[in-house]
Each structure stands twice: as C-alpha cells, then as structure tokens.
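Peer 1: Structure file protein18.cif (mmCIF, C-alpha atoms and all ligand atoms) right here:
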data_query
loop_
_atom_site.label_atom_id
_atom_site.label_comp_id
_atom_site.auth_asym_id
_atom_site.auth_seq_id
_atom_site.Cartn_x
_atom_site.Cartn_y
_atom_site.Cartn_z
CA MET A 178 -1.51 40.97 22.20
CA LYS A 179 -3.03 39.70 25.39
CA GLY A 180 -1.69 36.60 27.01
CA LYS A 181 -2.35 34.32 29.91
CA ILE A 182 -0.25 31.69 31.62
CA THR A 183 -0.94 28.83 33.95
CA ILE A 184 1.74 27.48 36.26
CA ASN A 185 1.59 23.94 37.57
CA THR A 186 2.81 24.70 41.06
CA ASP A 187 3.29 21.04 41.92
CA LEU A 188 5.84 20.68 39.11
CA CYS A 189 7.60 23.97 39.85
CA LYS A 190 10.99 23.81 41.60
CA GLY A 191 11.16 27.54 42.27
CA CYS A 192 14.31 28.04 40.19
CA GLY A 193 13.23 31.55 39.16
CA PHE A 194 14.21 31.21 35.49
CA CYS A 195 10.76 32.33 34.41
CA VAL A 196 10.89 35.30 36.78
CA ASP A 197 14.19 36.45 35.30
CA THR A 198 13.06 35.79 31.73
CA CYS A 199 9.71 37.56 31.63
CA PRO A 200 10.30 41.04 30.15
CA PHE A 201 7.20 42.45 31.83
CA GLY A 202 7.60 41.33 35.42
CA VAL A 203 4.53 39.15 35.33
CA ILE A 204 5.93 36.30 37.42
CA SER A 205 7.23 36.22 40.99
CA ILE A 206 8.22 33.50 43.42
CA GLY A 207 5.36 32.82 45.79
CA GLU A 208 5.38 32.67 49.56
CA ARG A 209 3.66 29.30 50.01
CA PHE A 210 5.64 26.14 49.41
CA ASN A 211 4.30 23.30 47.33
CA LYS A 212 4.02 19.62 48.23
CA SER A 213 7.70 19.08 47.33
CA GLY A 214 8.82 21.87 49.63
CA PHE A 215 9.66 24.42 46.91
CA PHE A 216 8.35 27.95 46.68
CA PRO A 217 6.65 27.93 43.27
CA ALA A 218 6.30 30.73 40.77
CA VAL A 219 3.06 32.71 40.64
CA ALA A 220 1.68 35.06 37.99
CA LEU A 221 1.21 38.21 40.04
CA HIS A 222 0.72 40.70 37.20
CA ILE A 223 -1.07 38.64 34.60
CA GLU A 224 -2.61 41.80 33.10
CA LYS A 225 0.84 42.62 31.68
CA CYS A 226 1.29 39.27 29.92
CA THR A 227 1.66 39.42 26.14
CA GLY A 228 1.74 35.67 25.59
CA CYS A 229 5.29 35.77 24.28
CA ALA A 230 5.91 32.31 25.81
CA MET A 231 9.52 33.01 26.79
CA CYS A 232 8.79 31.86 30.33
CA ALA A 233 7.47 28.49 29.14
CA ARG A 234 10.49 27.94 26.92
CA MET A 235 12.84 28.59 29.81
CA CYS A 236 11.10 26.41 32.37
CA PRO A 237 13.12 23.22 32.94
CA GLU A 238 10.13 21.51 34.59
CA ILE A 239 7.66 22.25 31.76
CA ALA A 240 5.37 23.73 34.37
CA ILE A 241 4.10 26.73 32.40
CA GLU A 242 1.47 26.81 29.68
CA VAL A 243 0.81 29.98 27.70
CA TYR A 244 -2.36 31.12 25.98
CA ARG A 245 -2.97 34.08 23.72
CA SER A 246 -6.28 35.88 23.27
CA GLY A 247 -8.24 34.42 20.38
CA ARG A 248 -5.93 31.45 20.11
CA THR A 249 -5.38 28.15 21.78
CA LYS A 250 -2.26 27.18 23.68
CA ALA A 251 0.81 29.04 22.38
CA ALA A 252 3.55 27.09 24.12
CA GLY A 253 4.24 24.79 26.97
CA LYS A 254 4.03 21.12 27.67
CA ALA A 255 2.55 20.04 24.32
CA LYS A 256 5.11 21.78 22.12
CA ARG A 257 8.22 21.50 24.23
CA LYS A 258 11.05 19.32 22.97
CA ARG A 259 13.68 17.89 25.29
S1 LIG A 301 4.19 34.67 28.25
FE1 LIG A 301 5.79 36.31 28.10
S2 LIG A 301 4.82 38.11 29.04
FE2 LIG A 301 3.59 36.30 29.66
S3 LIG A 301 4.45 35.70 31.66
FE3 LIG A 301 5.52 34.50 30.08
S4 LIG A 301 7.39 35.68 29.57
FE4 LIG A 301 5.97 37.05 30.67
S1 LIG A 302 11.06 28.28 35.43
FE1 LIG A 302 9.55 26.64 35.88
S2 LIG A 302 10.40 25.53 37.63
FE2 LIG A 302 11.50 27.48 37.52
S3 LIG A 302 10.33 28.88 38.87
FE3 LIG A 302 9.50 29.13 36.81
S4 LIG A 302 7.72 27.70 36.71
FE4 LIG A 302 9.02 27.09 38.44
#
Could I get this file's structure written as structure tokens?
Peer 2:
Amino acid sequence: MKGKITINTDLCKGCGFCVDTCPFGVISIGERFNKSGFFPAVALHIEKCTGCAMCARMCPEIAIEVYRSGRTKAAGKAKRKR
C-alpha cells in the first residue's frame, strides 16, 4: 500500500521519535530550524511510505498526518486521543 505523510514543522520539537519508529527510513531530522528553534522532521524518502501510521501514533506533538492511496486520512490529529 502506498502512503503519504505531512509534517507540521511548526509543531515539531525534533524529538526524533518518528525517525526511530518508521520501519522504512522515510523520516529524517532536517537541517533547517523552525520558528521555535527546533530542527523538525522531514519526509526524505516518501516513496517508501506504506501509510502504516506508526509515526503519527508516536508523535507527542501530533504533528504528523498520514494518508493512504485511495483513502482519506489514516491517522493523525483527528483520530489521536490524549
Ligand atoms: S506512515 Fe509508516 S511508513 Fe510512512 S513515514 Fe510513517 S511510519 Fe514510516
Ligand atoms: S515525533 Fe513529532 S515532534 Fe518528534 S520529530 Fe517526529 S514529527 Fe517532530
């Protein structure tokens, strides 16, 4: 299955949880800091994304939204429970 993610870089604190969680190495920590002074995550290898949504579930800032091909949003802000 093909997936796609979006990362809200202004919300991201650069913790790296999503980087460590993604089984396919899709996400890395970027080199440009955001307006809060953190280095946010970036989806460098989006072609490998399966839409598994593990990254979104791990993100403490609810900064990641996941989409799967042929479907609407799979996980992220709207479905996250705190
Ligand atoms: S949805 Fe899954 S495959 Fe895609 S970036 Fe997140 S953890 Fe990686
Ligand atoms: S888990 Fe969330 S806050 Fe942490 S680096 Fe990834 S997107 Fe940023």
Peer 1: Looking at only C-alpha atoms and all ligand atoms, which of A:Cys236, A:Cys199, A:Cys226, A:Ile182 is the one that sits closest to ligand LIG 302 (chain A)?
Peer 2: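 The shortest atom-to-atom distance to ligand LIG 302 (chain A) comes from A:Cys236.
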Peer 1: Go through the chains and note each residue within 9 Å of ligand LIG 302 (chain A), using only C-alpha atoms and all ligand atoms, then give the set as a VMD selection string.
Peer 2: chain A and resid 184 to 186 188 to 198 204 to 206 215 to 219 232 to 241
Peer 1: Contacts between ligand LIG 301 (chain A) and chain A, please, where a residue of chain A counts if it comes within 6 Å (with all atoms listed in the file); show its shortest atom pair and distance in Å to one decimal, rows by chain and ascending number, as CSV.
Peer 2:
residue,atom,partner,partner_atom,distance
A:Gly180,CA,A:LIG301,FE2,5.9
A:Cys199,CA,A:LIG301,S4,3.6
A:Pro200,CA,A:LIG301,FE4,5.9
A:Phe201,CA,A:LIG301,FE4,5.7
A:Val203,CA,A:LIG301,S3,5.0
A:Ile204,CA,A:LIG301,S3,6.0
A:Cys226,CA,A:LIG301,FE2,3.8
A:Thr227,CA,A:LIG301,S2,4.5
A:Gly228,CA,A:LIG301,S1,3.8
A:Cys229,CA,A:LIG301,FE1,3.9
A:Ala230,CA,A:LIG301,S1,3.8
A:Met231,CA,A:LIG301,S4,4.4
A:Cys232,CA,A:LIG301,S4,4.1
A:Val243,CA,A:LIG301,S1,5.8
Peer 1: Please measure the separation of CA of Leu221 (chain A) and CA of Arg209 (chain A), giving the value in Å to one decimal.
Peer 2: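 We find that CA of Leu221 (chain A) and CA of Arg209 (chain A) lie 13.6 Å from each other.
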Peer 1: In Å to one decimal, how far is CA of Glu208 (chain A) from CA of Lys225 (chain A)?
Peer 2: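 If I compute the distance from CA of Lys225 (chain A) to CA of Glu208 (chain A), I get 21.0 Å.
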Peer 1: Nearest to Ser246 (chain A): which of A:Ile223, A:Asp187, A:Lys212, A:Lys181 is it, counting all atoms listed in the file?
Peer 2: A:Lys181
Peer 1: What box, with edges along x, y and z, holds each listed atom of region 210-214 of chain A when 4 Å is added on every side, and can you state its centre and edge lengths in Å to one decimal, as AutoDock Vina command-line options?
Peer 2:
--center_x 6.4 --center_y 22.6 --center_z 48.5 --size_x 12.8 --size_y 15.1 --size_z 10.3
